[in-house]
>>> print(open('model19.csv').read())   # CSV, C-alpha atoms (C1' of nucleotides)
chain,number,residue,atom,x,y,z
A,40,MET,CA,141.1,122.5,126.8
A,41,ASN,CA,138.7,125.0,125.2
A,42,GLU,CA,135.4,126.4,126.5
A,43,ASP,CA,133.2,123.9,124.6
A,44,GLN,CA,135.2,121.0,125.9
A,45,ALA,CA,134.9,122.3,129.4
A,46,LEU,CA,131.2,122.8,129.0
A,47,SER,CA,130.8,119.2,127.9
A,48,ALA,CA,133.0,117.9,130.6
A,49,PHE,CA,131.0,119.7,133.3
A,50,ALA,CA,127.8,118.2,131.7
A,51,ALA,CA,129.4,114.8,131.8
A,52,LEU,CA,130.2,115.1,135.5
A,53,SER,CA,126.8,116.6,136.5
A,54,ASN,CA,125.1,113.2,136.4
A,55,LYS,CA,125.1,110.9,139.4
A,56,SER,CA,125.7,107.7,137.5
A,57,ARG,CA,128.5,109.1,135.5
A,58,LEU,CA,130.2,110.6,138.6
A,59,SER,CA,129.9,107.2,140.2
A,60,VAL,CA,131.6,105.6,137.1
A,61,VAL,CA,134.5,108.0,137.4
A,62,ARG,CA,134.9,107.3,141.1
A,63,CYS,CA,134.7,103.6,140.4
A,64,LEU,CA,137.5,103.9,137.9
A,65,VAL,CA,139.6,106.0,140.3
A,66,GLN,CA,139.3,103.2,142.8
A,67,ALA,CA,140.0,100.5,140.2
A,68,GLY,CA,143.4,102.2,139.4
A,69,PRO,CA,145.5,101.5,136.4
A,70,GLU,CA,144.1,98.1,135.7
A,71,GLY,CA,140.7,99.7,134.9
A,72,MET,CA,137.4,97.9,135.0
A,73,THR,CA,135.2,96.2,132.5
A,74,ALA,CA,131.9,97.7,131.3
A,75,GLY,CA,130.0,94.8,133.0
A,76,ASP,CA,131.7,95.2,136.3
A,77,ILE,CA,131.1,99.0,136.2
A,78,ALA,CA,127.4,98.4,135.5
A,79,ARG,CA,127.1,96.0,138.4
A,80,ARG,CA,129.0,98.3,140.7
A,81,VAL,CA,127.0,101.5,139.9
A,82,GLY,CA,123.7,99.5,139.7
A,83,GLY,CA,122.7,100.3,136.1
A,84,SER,CA,121.5,98.3,133.2
A,85,PRO,CA,124.1,97.4,130.5
A,86,SER,CA,122.6,99.7,127.9
A,87,GLN,CA,122.2,102.5,130.4
A,88,THR,CA,125.8,102.2,131.6
A,89,SER,CA,127.1,102.0,128.0
A,90,PHE,CA,125.3,105.2,127.3
A,91,HIS,CA,127.0,106.9,130.2
A,92,LEU,CA,130.4,105.4,129.4
A,93,SER,CA,130.1,106.8,125.9
A,94,SER,CA,129.4,110.2,127.2
A,95,LEU,CA,132.5,110.1,129.4
A,96,SER,CA,134.6,108.7,126.6
A,97,GLU,CA,133.6,111.3,124.1
A,98,ASN,CA,134.7,113.9,126.5
A,99,GLY,CA,138.0,112.2,127.0
A,100,LEU,CA,137.4,111.8,130.8
A,101,ILE,CA,137.9,108.0,130.5
A,102,SER,CA,139.4,105.8,127.8
A,103,SER,CA,138.6,102.2,126.7
A,104,GLU,CA,140.5,99.2,125.4
A,105,ARG,CA,139.0,96.0,124.1
A,106,GLN,CA,140.4,92.9,125.8
A,107,ALA,CA,138.9,89.7,124.2
A,108,ARG,CA,135.2,90.2,124.6
A,109,ARG,CA,135.4,92.6,127.5
A,110,ILE,CA,136.0,96.3,127.2
A,111,ILE,CA,138.2,97.8,129.9
A,112,TYR,CA,137.7,101.4,130.9
A,113,ARG,CA,140.2,103.6,132.7
A,114,VAL,CA,140.0,107.1,134.1
A,115,GLU,CA,142.0,109.8,132.3
A,116,TYR,CA,143.5,111.9,135.1
A,117,GLN,CA,145.2,114.2,132.6
A,118,ARG,CA,141.8,115.2,131.2
A,119,ILE,CA,140.3,115.9,134.6
A,120,GLY,CA,143.5,117.9,135.4
A,121,ASP,CA,142.8,119.9,132.2
A,122,LEU,CA,139.3,120.7,133.4
A,123,VAL,CA,140.7,121.8,136.8
A,124,HIS,CA,143.2,124.0,135.1
A,125,PHE,CA,140.4,125.5,132.9
A,126,LEU,CA,138.4,126.3,136.0
A,127,LEU,CA,141.3,127.8,137.8
A,128,GLU,CA,142.9,129.8,135.1
A,129,ASP,CA,140.5,130.4,132.2
A,130,CYS,CA,137.5,130.8,134.3
A,131,CYS,CA,138.7,132.2,137.6
A,132,GLY,CA,141.8,134.1,136.3
A,133,GLY,CA,144.1,132.2,138.7
A,134,ASN,CA,142.3,133.5,141.8
A,135,PRO,CA,144.3,132.7,145.0
A,136,ILE,CA,141.3,131.6,147.0
A,137,VAL,CA,140.4,129.0,144.4
A,138,ARG,CA,144.0,127.9,144.0
A,139,SER,CA,144.4,127.5,147.7
A,140,CYS,CA,141.7,124.8,147.6
A,141,CYS,CA,144.1,122.6,145.6
A,142,GLU,CA,146.3,122.1,148.7
A,143,PRO,CA,145.5,118.9,150.5
A,144,ARG,CA,145.0,120.5,154.0
A,145,GLN,CA,143.5,123.9,153.5
A,146,GLY,CA,139.9,123.7,155.0
A,147,CYS,CA,138.0,123.7,151.7
B,909,MET,CA,130.9,120.2,149.7
B,910,ASN,CA,129.0,116.9,149.3
B,911,GLU,CA,128.2,114.9,146.2
B,912,ASP,CA,124.8,116.4,145.5
B,913,GLN,CA,126.2,119.9,145.8
B,914,ALA,CA,129.0,119.0,143.4
B,915,LEU,CA,126.6,117.5,140.9
B,916,SER,CA,124.5,120.7,141.0
B,917,ALA,CA,127.5,122.9,140.6
B,918,PHE,CA,128.7,120.9,137.6
B,919,ALA,CA,125.3,121.2,136.1
B,920,ALA,CA,125.3,125.0,136.7
B,921,LEU,CA,128.7,125.3,135.0
B,922,SER,CA,127.7,123.1,132.0
B,923,ASN,CA,125.7,125.9,130.4
B,924,LYS,CA,127.3,128.4,128.1
B,925,SER,CA,125.3,131.4,129.3
B,926,ARG,CA,126.0,130.6,132.9
B,927,LEU,CA,129.7,130.0,132.4
B,928,SER,CA,129.8,133.4,130.7
B,929,VAL,CA,128.1,134.9,133.7
B,930,VAL,CA,130.7,133.5,136.0
B,931,ARG,CA,133.5,134.8,133.8
B,932,CYS,CA,131.9,138.2,133.6
B,933,LEU,CA,131.8,138.4,137.4
B,934,VAL,CA,135.4,137.3,137.7
B,935,GLN,CA,136.3,140.2,135.4
B,936,ALA,CA,134.1,142.6,137.3
B,937,GLY,CA,136.0,141.8,140.5
B,938,PRO,CA,134.8,142.7,144.1
B,939,GLU,CA,132.5,145.4,142.9
B,940,GLY,CA,130.3,142.9,141.2
B,941,MET,CA,127.9,143.7,138.4
B,942,THR,CA,124.2,144.4,138.2
B,943,ALA,CA,121.7,141.9,136.7
B,944,GLY,CA,121.0,144.2,133.8
B,945,ASP,CA,124.6,144.8,133.0
B,946,ILE,CA,125.2,141.0,133.1
B,947,ALA,CA,122.3,140.4,130.7
B,948,ARG,CA,123.6,143.0,128.3
B,949,ARG,CA,127.1,141.6,128.5
B,950,VAL,CA,126.2,138.0,127.9
B,951,GLY,CA,123.5,138.9,125.4
B,952,GLY,CA,120.5,137.4,127.1
B,953,SER,CA,117.0,138.7,127.8
B,954,PRO,CA,116.3,139.9,131.4
B,955,SER,CA,114.2,136.9,132.3
B,956,GLN,CA,116.5,134.4,130.7
B,957,THR,CA,119.5,135.9,132.6
B,958,SER,CA,117.5,136.0,135.8
B,959,PHE,CA,116.8,132.3,135.4
B,960,HIS,CA,120.5,131.6,135.0
B,961,LEU,CA,121.5,133.9,137.9
B,962,SER,CA,119.1,132.0,140.1
B,963,SER,CA,120.6,128.7,139.2
B,964,LEU,CA,124.1,130.0,140.0
B,965,SER,CA,122.9,131.6,143.2
B,966,GLU,CA,121.1,128.5,144.4
B,967,ASN,CA,124.4,126.6,144.0
B,968,GLY,CA,126.3,129.2,145.9
B,969,LEU,CA,128.6,129.9,143.0
B,970,ILE,CA,127.6,133.6,143.0
B,971,SER,CA,125.9,135.8,145.6
B,972,SER,CA,123.6,138.8,145.3
B,973,GLU,CA,122.9,142.0,147.2
B,974,ARG,CA,120.2,144.6,146.5
B,975,GLN,CA,121.4,148.1,146.0
B,976,ALA,CA,118.5,150.5,145.5
B,977,ARG,CA,116.6,149.1,142.5
B,978,ARG,CA,119.5,147.1,141.1
B,979,ILE,CA,120.7,143.8,142.3
B,980,ILE,CA,124.5,143.3,142.3
B,981,TYR,CA,125.9,139.9,141.8
B,982,ARG,CA,129.4,138.7,142.7
B,983,VAL,CA,131.3,135.5,142.1
B,984,GLU,CA,131.9,133.3,145.2
B,985,TYR,CA,135.5,132.1,144.8
B,986,GLN,CA,135.3,130.0,147.9
B,987,ARG,CA,132.5,127.9,146.5
B,988,ILE,CA,134.4,127.3,143.2
B,989,GLY,CA,137.4,126.4,145.3
B,990,ASP,CA,135.2,123.9,147.2
B,991,LEU,CA,134.2,122.3,143.8
B,992,VAL,CA,137.9,122.1,142.7
B,993,HIS,CA,138.7,120.5,146.1
B,994,PHE,CA,135.8,118.0,145.6
B,995,LEU,CA,137.1,117.1,142.1
B,996,LEU,CA,140.7,116.7,143.4
B,997,GLU,CA,140.2,114.9,146.6
B,998,ASP,CA,136.7,113.2,146.8
B,999,CYS,CA,136.6,112.3,143.2
B,1000,CYS,CA,140.2,111.7,142.2
B,1001,GLY,CA,141.6,110.7,145.5
B,1002,GLY,CA,144.3,113.4,145.5
B,1003,ASN,CA,145.9,112.0,142.3
B,1004,PRO,CA,149.2,113.8,141.6
B,1005,ILE,CA,148.5,114.3,137.8
B,1006,VAL,CA,145.3,116.1,138.6
B,1007,ARG,CA,146.9,118.1,141.4
B,1008,SER,CA,149.8,119.2,139.2
B,1009,CYS,CA,147.3,121.0,137.0
B,1010,CYS,CA,146.7,123.4,139.8
B,1011,GLU,CA,150.2,124.9,139.3
B,1012,PRO,CA,150.2,128.0,137.0
B,1013,ARG,CA,152.9,126.8,134.7
B,1014,GLN,CA,152.6,123.1,134.2
B,1015,GLY,CA,151.5,122.5,130.6
B,1016,CYS,CA,147.9,121.4,131.4
C,28,DT,C1',129.2,76.5,112.7
C,29,DT,C1',126.3,77.0,116.4
C,30,DA,C1',125.8,78.7,120.8
C,31,DT,C1',127.1,81.9,124.4
C,32,DC,C1',128.9,86.0,126.5
C,33,DA,C1',129.9,91.1,126.7
C,34,DT,C1',128.8,95.2,125.0
C,35,DT,C1',126.7,98.6,122.0
C,36,DT,C1',123.1,100.6,119.2
C,37,DC,C1',118.5,101.9,118.2
C,38,DA,C1',113.8,103.7,118.5
C,39,DA,C1',110.3,104.9,121.7
C,40,DT,C1',109.1,106.8,125.9
C,41,DT,C1',109.8,109.7,129.9
C,42,DA,C1',112.0,113.2,132.4
C,43,DT,C1',114.5,117.6,132.8
C,44,DA,C1',116.2,122.0,131.3
C,45,DT,C1',115.8,126.2,128.6
C,46,DT,C1',113.5,129.8,126.1
C,47,DT,C1',109.9,133.0,125.5
C,48,DG,C1',106.9,136.8,126.5
C,49,DA,C1',103.6,138.6,129.6
C,50,DA,C1',102.5,139.9,134.2
C,51,DA,C1',104.0,140.8,139.0
C,52,DT,C1',107.1,142.9,142.4
C,53,DA,C1',110.2,146.3,144.3
C,54,DT,C1',112.4,150.7,144.4
C,55,DA,C1',112.9,155.4,143.0
C,56,DA,C1',111.7,159.8,140.5
C,57,DT,C1',108.3,163.3,139.0
D,985,DA,C1',99.6,159.5,143.2
D,986,DT,C1',101.6,158.5,138.9
D,987,DT,C1',105.2,157.1,136.0
D,988,DA,C1',109.6,154.9,135.0
D,989,DT,C1',113.3,151.6,135.9
D,990,DA,C1',115.2,147.1,137.4
D,991,DT,C1',114.4,142.6,138.2
D,992,DT,C1',111.9,138.4,139.1
D,993,DT,C1',108.1,135.1,138.5
D,994,DC,C1',105.1,132.3,135.9
D,995,DA,C1',102.9,129.3,132.4
D,996,DA,C1',103.4,127.6,127.9
D,997,DA,C1',106.3,126.1,124.3
D,998,DT,C1',110.6,124.0,122.8
D,999,DA,C1',114.8,121.6,123.2
D,1000,DT,C1',117.9,118.3,125.3
D,1001,DA,C1',119.0,114.3,128.2
D,1002,DA,C1',118.0,109.8,130.3
D,1003,DT,C1',115.7,105.3,130.7
D,1004,DT,C1',113.9,101.3,128.7
D,1005,DG,C1',113.9,97.0,126.4
D,1006,DA,C1',114.7,94.7,122.0
D,1007,DA,C1',117.8,93.9,118.4
D,1008,DA,C1',122.5,94.1,116.5
D,1009,DT,C1',127.6,93.6,116.8
D,1010,DG,C1',132.0,91.4,118.1
D,1011,DA,C1',134.6,87.9,120.2
D,1012,DT,C1',135.2,83.4,122.1
D,1013,DA,C1',134.1,78.6,123.2
D,1014,DA,C1',131.8,74.0,122.3
>>> encode(input="model19.csv", output="structure tokens")
Amino acid sequence: MNEDQALSAFAALSNKSRLSVVRCLVQAGPEGMTAGDIARRVGGSPSQTSFHLSSLSENGLISSERQARRIIYRVEYQRIGDLVHFLLEDCCGGNPIVRSCCEPRQGC
Amino acid sequence: MNEDQALSAFAALSNKSRLSVVRCLVQAGPEGMTAGDIARRVGGSPSQTSFHLSSLSENGLISSERQARRIIYRVEYQRIGDLVHFLLEDCCGGNPIVRSCCEPRQGC
DNA sequence: TTATCATTTCAATTATATTTGAAATATAAT
DNA sequence: ATTATATTTCAAATATAATTGAAATGATAA
């Protein structure tokens, strides 16, 4: 992941509705969730939610697949991992304080 | 770190100038860097840079200390670590793919 | 093939963020 | 005291992002 991609990914995650979408999809797991269900769950209008889903898709943080007339969205863990990696290595030079926050039980 | 703090931190890091500031301060190390030097380094006007430094400070991503007529800024690794932790645990539920990207050599 | 459902797209509005340059503040030097 | 340096603050202008509601698209069912 390069700098511009990281900047866009940070922008995508800096919006409350979009962060909710990501969390929804993490909860939903590998089956994913349809656009309509996501909209209902995060409490947004269809067009509003579609706008946010596009933003997350364009950044590769989620992916989509058409299934009949629904569109199913799924979280892309690898891409979020790439962002974490960018933050740790490219941005913070592998600093041990930051890296220690990746351990489950480490008081961060 | 709570959700609102994470949202603000993502917003802070989603700007090119501000991300440059953070990288500058990582390079500078524990001695930190004065506002003026940061401005010159990232190629921004004093007032513009001050605006971005405020944004990063308010989010706790950097800290400042007055030294005579200069103000020295330093990166707050712990806070960036907290954000990484939020992304890994609160947002992604400790997903192993994301967590594996914290390892230095793991192809992320 | 007409109607319905799920979603996206678009243009207009509203809201938020950033830049700009001048003025204000704070500290130090002459 | 006056001047110079370092930084911030402020208001105005500009740029970017988000919301809204109506219309368009795509897929299925009657």
>>> closest_atom_pairs(input="model19.csv", of="chain C", to="chain B", cutoff="12 Å", atoms="all atoms listed in the file", output="Markdown table")
| residue | atom | partner | partner_atom | distance |
| --- | --- | --- | --- | --- |
| C:DT43 | C1' | B:Ala919 | CA | 11.9 |
| C:DA44 | C1' | B:Asn923 | CA | 10.3 |
| C:DT45 | C1' | B:Gln956 | CA | 8.5 |
| C:DT46 | C1' | B:Gln956 | CA | 7.2 |
| C:DT47 | C1' | B:Gln956 | CA | 8.5 |
| C:DG48 | C1' | B:Ser955 | CA | 9.3 |
| C:DA49 | C1' | B:Ser955 | CA | 11.1 |
| C:DT52 | C1' | B:Arg977 | CA | 11.3 |
| C:DA53 | C1' | B:Arg977 | CA | 7.2 |
| C:DT54 | C1' | B:Arg977 | CA | 4.9 |
| C:DA55 | C1' | B:Arg977 | CA | 7.3 |
| C:DA56 | C1' | B:Arg977 | CA | 11.9 |
>>> calpha_fit_and_write(input="model19.csv", fixed="chain B", moving="chain A", output="PDB file with C-alpha atoms, keeping the file's coordinate frame")
ATOM      1  CA  MET A  40     130.847 120.245 149.748  1.00  0.00           C
ATOM      2  CA  ASN A  41     128.901 116.988 149.331  1.00  0.00           C
ATOM      3  CA  GLU A  42     128.265 114.900 146.204  1.00  0.00           C
ATOM      4  CA  ASP A  43     124.819 116.417 145.480  1.00  0.00           C
ATOM      5  CA  GLN A  44     126.188 119.903 145.743  1.00  0.00           C
ATOM      6  CA  ALA A  45     128.979 119.036 143.401  1.00  0.00           C
ATOM      7  CA  LEU A  46     126.583 117.472 140.969  1.00  0.00           C
ATOM      8  CA  SER A  47     124.514 120.642 140.921  1.00  0.00           C
ATOM      9  CA  ALA A  48     127.495 122.845 140.626  1.00  0.00           C
ATOM     10  CA  PHE A  49     128.801 120.922 137.605  1.00  0.00           C
ATOM     11  CA  ALA A  50     125.253 121.246 136.070  1.00  0.00           C
ATOM     12  CA  ALA A  51     125.345 124.941 136.753  1.00  0.00           C
ATOM     13  CA  LEU A  52     128.672 125.358 134.970  1.00  0.00           C
ATOM     14  CA  SER A  53     127.780 123.109 131.978  1.00  0.00           C
ATOM     15  CA  ASN A  54     125.727 125.854 130.332  1.00  0.00           C
ATOM     16  CA  LYS A  55     127.321 128.430 128.071  1.00  0.00           C
ATOM     17  CA  SER A  56     125.372 131.396 129.343  1.00  0.00           C
ATOM     18  CA  ARG A  57     125.966 130.590 132.920  1.00  0.00           C
ATOM     19  CA  LEU A  58     129.725 130.040 132.357  1.00  0.00           C
ATOM     20  CA  SER A  59     129.786 133.397 130.644  1.00  0.00           C
ATOM     21  CA  VAL A  60     128.056 134.994 133.728  1.00  0.00           C
ATOM     22  CA  VAL A  61     130.705 133.562 136.007  1.00  0.00           C
ATOM     23  CA  ARG A  62     133.510 134.819 133.795  1.00  0.00           C
ATOM     24  CA  CYS A  63     131.833 138.192 133.621  1.00  0.00           C
ATOM     25  CA  LEU A  64     131.746 138.367 137.382  1.00  0.00           C
ATOM     26  CA  VAL A  65     135.393 137.268 137.652  1.00  0.00           C
ATOM     27  CA  GLN A  66     136.293 140.171 135.429  1.00  0.00           C
ATOM     28  CA  ALA A  67     134.023 142.599 137.298  1.00  0.00           C
ATOM     29  CA  GLY A  68     135.959 141.830 140.577  1.00  0.00           C
ATOM     30  CA  PRO A  69     134.796 142.696 144.013  1.00  0.00           C
ATOM     31  CA  GLU A  70     132.477 145.447 142.983  1.00  0.00           C
ATOM     32  CA  GLY A  71     130.271 142.870 141.180  1.00  0.00           C
ATOM     33  CA  MET A  72     127.846 143.671 138.420  1.00  0.00           C
ATOM     34  CA  THR A  73     124.176 144.348 138.192  1.00  0.00           C
ATOM     35  CA  ALA A  74     121.705 141.842 136.713  1.00  0.00           C
ATOM     36  CA  GLY A  75     121.012 144.289 133.807  1.00  0.00           C
ATOM     37  CA  ASP A  76     124.613 144.811 132.969  1.00  0.00           C
ATOM     38  CA  ILE A  77     125.238 141.016 133.083  1.00  0.00           C
ATOM     39  CA  ALA A  78     122.310 140.460 130.704  1.00  0.00           C
ATOM     40  CA  ARG A  79     123.620 143.034 128.271  1.00  0.00           C
ATOM     41  CA  ARG A  80     127.127 141.676 128.484  1.00  0.00           C
ATOM     42  CA  VAL A  81     126.215 137.968 127.934  1.00  0.00           C
ATOM     43  CA  GLY A  82     123.511 138.921 125.344  1.00  0.00           C
ATOM     44  CA  GLY A  83     120.445 137.414 127.056  1.00  0.00           C
ATOM     45  CA  SER A  84     116.998 138.605 127.796  1.00  0.00           C
ATOM     46  CA  PRO A  85     116.306 139.840 131.382  1.00  0.00           C
ATOM     47  CA  SER A  86     114.103 136.895 132.263  1.00  0.00           C
ATOM     48  CA  GLN A  87     116.508 134.443 130.696  1.00  0.00           C
ATOM     49  CA  THR A  88     119.496 135.892 132.556  1.00  0.00           C
ATOM     50  CA  SER A  89     117.543 135.980 135.853  1.00  0.00           C
ATOM     51  CA  PHE A  90     116.826 132.342 135.386  1.00  0.00           C
ATOM     52  CA  HIS A  91     120.492 131.576 134.979  1.00  0.00           C
ATOM     53  CA  LEU A  92     121.533 133.852 137.841  1.00  0.00           C
ATOM     54  CA  SER A  93     119.133 131.983 140.088  1.00  0.00           C
ATOM     55  CA  SER A  94     120.630 128.721 139.160  1.00  0.00           C
ATOM     56  CA  LEU A  95     124.117 129.969 140.020  1.00  0.00           C
ATOM     57  CA  SER A  96     122.908 131.526 143.233  1.00  0.00           C
ATOM     58  CA  GLU A  97     121.166 128.449 144.461  1.00  0.00           C
ATOM     59  CA  ASN A  98     124.348 126.595 144.051  1.00  0.00           C
ATOM     60  CA  GLY A  99     126.242 129.201 145.963  1.00  0.00           C
ATOM     61  CA  LEU A 100     128.600 129.905 142.979  1.00  0.00           C
ATOM     62  CA  ILE A 101     127.617 133.621 143.052  1.00  0.00           C
ATOM     63  CA  SER A 102     125.896 135.784 145.648  1.00  0.00           C
ATOM     64  CA  SER A 103     123.586 138.842 145.301  1.00  0.00           C
ATOM     65  CA  GLU A 104     122.927 142.060 147.176  1.00  0.00           C
ATOM     66  CA  ARG A 105     120.156 144.515 146.490  1.00  0.00           C
ATOM     67  CA  GLN A 106     121.404 148.076 146.018  1.00  0.00           C
ATOM     68  CA  ALA A 107     118.409 150.493 145.528  1.00  0.00           C
ATOM     69  CA  ARG A 108     116.609 149.033 142.573  1.00  0.00           C
ATOM     70  CA  ARG A 109     119.563 147.181 141.140  1.00  0.00           C
ATOM     71  CA  ILE A 110     120.736 143.791 142.266  1.00  0.00           C
ATOM     72  CA  ILE A 111     124.500 143.330 142.337  1.00  0.00           C
ATOM     73  CA  TYR A 112     125.949 139.895 141.780  1.00  0.00           C
ATOM     74  CA  ARG A 113     129.419 138.735 142.754  1.00  0.00           C
ATOM     75  CA  VAL A 114     131.320 135.531 142.147  1.00  0.00           C
ATOM     76  CA  GLU A 115     131.942 133.290 145.167  1.00  0.00           C
ATOM     77  CA  TYR A 116     135.524 132.075 144.729  1.00  0.00           C
ATOM     78  CA  GLN A 117     135.332 130.039 147.930  1.00  0.00           C
ATOM     79  CA  ARG A 118     132.511 127.955 146.441  1.00  0.00           C
ATOM     80  CA  ILE A 119     134.334 127.309 143.192  1.00  0.00           C
ATOM     81  CA  GLY A 120     137.425 126.406 145.315  1.00  0.00           C
ATOM     82  CA  ASP A 121     135.175 123.893 147.146  1.00  0.00           C
ATOM     83  CA  LEU A 122     134.176 122.308 143.857  1.00  0.00           C
ATOM     84  CA  VAL A 123     137.866 122.093 142.822  1.00  0.00           C
ATOM     85  CA  HIS A 124     138.725 120.481 146.084  1.00  0.00           C
ATOM     86  CA  PHE A 125     135.810 117.985 145.630  1.00  0.00           C
ATOM     87  CA  LEU A 126     137.136 117.065 142.218  1.00  0.00           C
ATOM     88  CA  LEU A 127     140.651 116.684 143.398  1.00  0.00           C
ATOM     89  CA  GLU A 128     140.165 114.880 146.617  1.00  0.00           C
ATOM     90  CA  ASP A 129     136.719 113.261 146.802  1.00  0.00           C
ATOM     91  CA  CYS A 130     136.582 112.313 143.245  1.00  0.00           C
ATOM     92  CA  CYS A 131     140.159 111.744 142.165  1.00  0.00           C
ATOM     93  CA  GLY A 132     141.596 110.637 145.574  1.00  0.00           C
ATOM     94  CA  GLY A 133     144.246 113.399 145.471  1.00  0.00           C
ATOM     95  CA  ASN A 134     145.832 112.059 142.273  1.00  0.00           C
ATOM     96  CA  PRO A 135     149.204 113.795 141.568  1.00  0.00           C
ATOM     97  CA  ILE A 136     148.573 114.260 137.880  1.00  0.00           C
ATOM     98  CA  VAL A 137     145.363 116.144 138.570  1.00  0.00           C
ATOM     99  CA  ARG A 138     146.935 118.147 141.371  1.00  0.00           C
ATOM    100  CA  SER A 139     149.824 119.118 139.199  1.00  0.00           C
ATOM    101  CA  CYS A 140     147.362 120.918 136.899  1.00  0.00           C
ATOM    102  CA  CYS A 141     146.707 123.424 139.708  1.00  0.00           C
ATOM    103  CA  GLU A 142     150.210 124.917 139.257  1.00  0.00           C
ATOM    104  CA  PRO A 143     150.173 127.969 137.066  1.00  0.00           C
ATOM    105  CA  ARG A 144     152.928 126.760 134.614  1.00  0.00           C
ATOM    106  CA  GLN A 145     152.598 123.042 134.267  1.00  0.00           C
ATOM    107  CA  GLY A 146     151.483 122.418 130.576  1.00  0.00           C
ATOM    108  CA  CYS A 147     147.873 121.459 131.317  1.00  0.00           C
TER     109      CYS A 147
END
>>> residues_around(input="model19.csv", residues="segment 30-32 of chain C", least_positions_apart="4", cutoff="9 Å", atoms="all atoms listed in the file", output="ChimeraX atom specification")
/A:108 /D:1011-1014
>>> closest_atom_pairs(input="model19.csv", of="chain D", to="chain A", cutoff="12 Å", atoms="all atoms listed in the file", output="JSON lines")
{"residue": "D:DT1000", "atom": "C1'", "partner": "A:Ala50", "partner_atom": "CA", "distance": 11.8}
{"residue": "D:DA1001", "atom": "C1'", "partner": "A:Ala50", "partner_atom": "CA", "distance": 10.2}
{"residue": "D:DA1002", "atom": "C1'", "partner": "A:Gln87", "partner_atom": "CA", "distance": 8.4}
{"residue": "D:DT1003", "atom": "C1'", "partner": "A:Gln87", "partner_atom": "CA", "distance": 7.1}
{"residue": "D:DT1004", "atom": "C1'", "partner": "A:Gln87", "partner_atom": "CA", "distance": 8.6}
{"residue": "D:DG1005", "atom": "C1'", "partner": "A:Ser86", "partner_atom": "CA", "distance": 9.2}
{"residue": "D:DA1006", "atom": "C1'", "partner": "A:Ser86", "partner_atom": "CA", "distance": 11.1}
{"residue": "D:DT1009", "atom": "C1'", "partner": "A:Arg108", "partner_atom": "CA", "distance": 11.4}
{"residue": "D:DG1010", "atom": "C1'", "partner": "A:Arg108", "partner_atom": "CA", "distance": 7.3}
{"residue": "D:DA1011", "atom": "C1'", "partner": "A:Arg108", "partner_atom": "CA", "distance": 5.0}
{"residue": "D:DT1012", "atom": "C1'", "partner": "A:Arg108", "partner_atom": "CA", "distance": 7.2}
{"residue": "D:DA1013", "atom": "C1'", "partner": "A:Arg108", "partner_atom": "CA", "distance": 11.7}
>>> closest_atom_pairs(input="model19.csv", of="chain A", to="chain B", cutoff="7 Å", atoms="only C-alpha atoms", output="Markdown table")
| residue | atom | partner | partner_atom | distance |
| --- | --- | --- | --- | --- |
| A:Leu46 | CA | B:Ser922 | CA | 4.6 |
| A:Ser47 | CA | B:Ser922 | CA | 6.5 |
| A:Phe49 | CA | B:Ser922 | CA | 4.9 |
| A:Ala50 | CA | B:Ser922 | CA | 4.9 |
| A:Leu52 | CA | B:Phe918 | CA | 6.3 |
| A:Ser53 | CA | B:Leu915 | CA | 4.5 |
| A:Asn54 | CA | B:Leu915 | CA | 6.4 |
| A:Lys55 | CA | B:Leu915 | CA | 6.9 |
| A:Arg62 | CA | B:Cys999 | CA | 5.7 |
| A:Val65 | CA | B:Cys1000 | CA | 6.0 |
| A:Tyr116 | CA | B:Val1006 | CA | 5.8 |
| A:Gln117 | CA | B:Ile1005 | CA | 6.2 |
| A:Ile119 | CA | B:Val1006 | CA | 6.4 |
| A:Gly120 | CA | B:Val1006 | CA | 4.1 |
| A:Asp121 | CA | B:Cys1016 | CA | 5.4 |
| A:Val123 | CA | B:Val992 | CA | 6.5 |
| A:His124 | CA | B:Cys1009 | CA | 5.4 |
| A:Cys130 | CA | B:Arg931 | CA | 5.7 |
| A:Cys131 | CA | B:Val934 | CA | 6.1 |
| A:Ile136 | CA | B:Tyr985 | CA | 6.2 |
| A:Val137 | CA | B:Gly989 | CA | 4.1 |
| A:Arg138 | CA | B:Cys1010 | CA | 6.7 |
| A:Cys140 | CA | B:Gly989 | CA | 5.1 |
| A:Cys141 | CA | B:His993 | CA | 5.8 |
| A:Cys147 | CA | B:Asp990 | CA | 5.3 |
>>> atom_distance(input="model19.csv", atom1="atom CA of Glu104 of chain A", atom2="atom CA of Gly82 of chain A")
22.1 Å
>>> atom_distance(input="model19.csv", atom1="atom C1' of DA999 of chain D", atom2="atom CA of Glu966 of chain B")
23.2 Å
>>> closest_residue(input="model19.csv", among="D:DA1007, D:DT987, D:DT992, D:DT998", to="DA51 of chain C", atoms="all atoms listed in the file")
D:DT992
>>> atom_distance(input="model19.csv", atom1="atom C1' of DA33 of chain C", atom2="atom CA of Leu100 of chain A")
22.4 Å
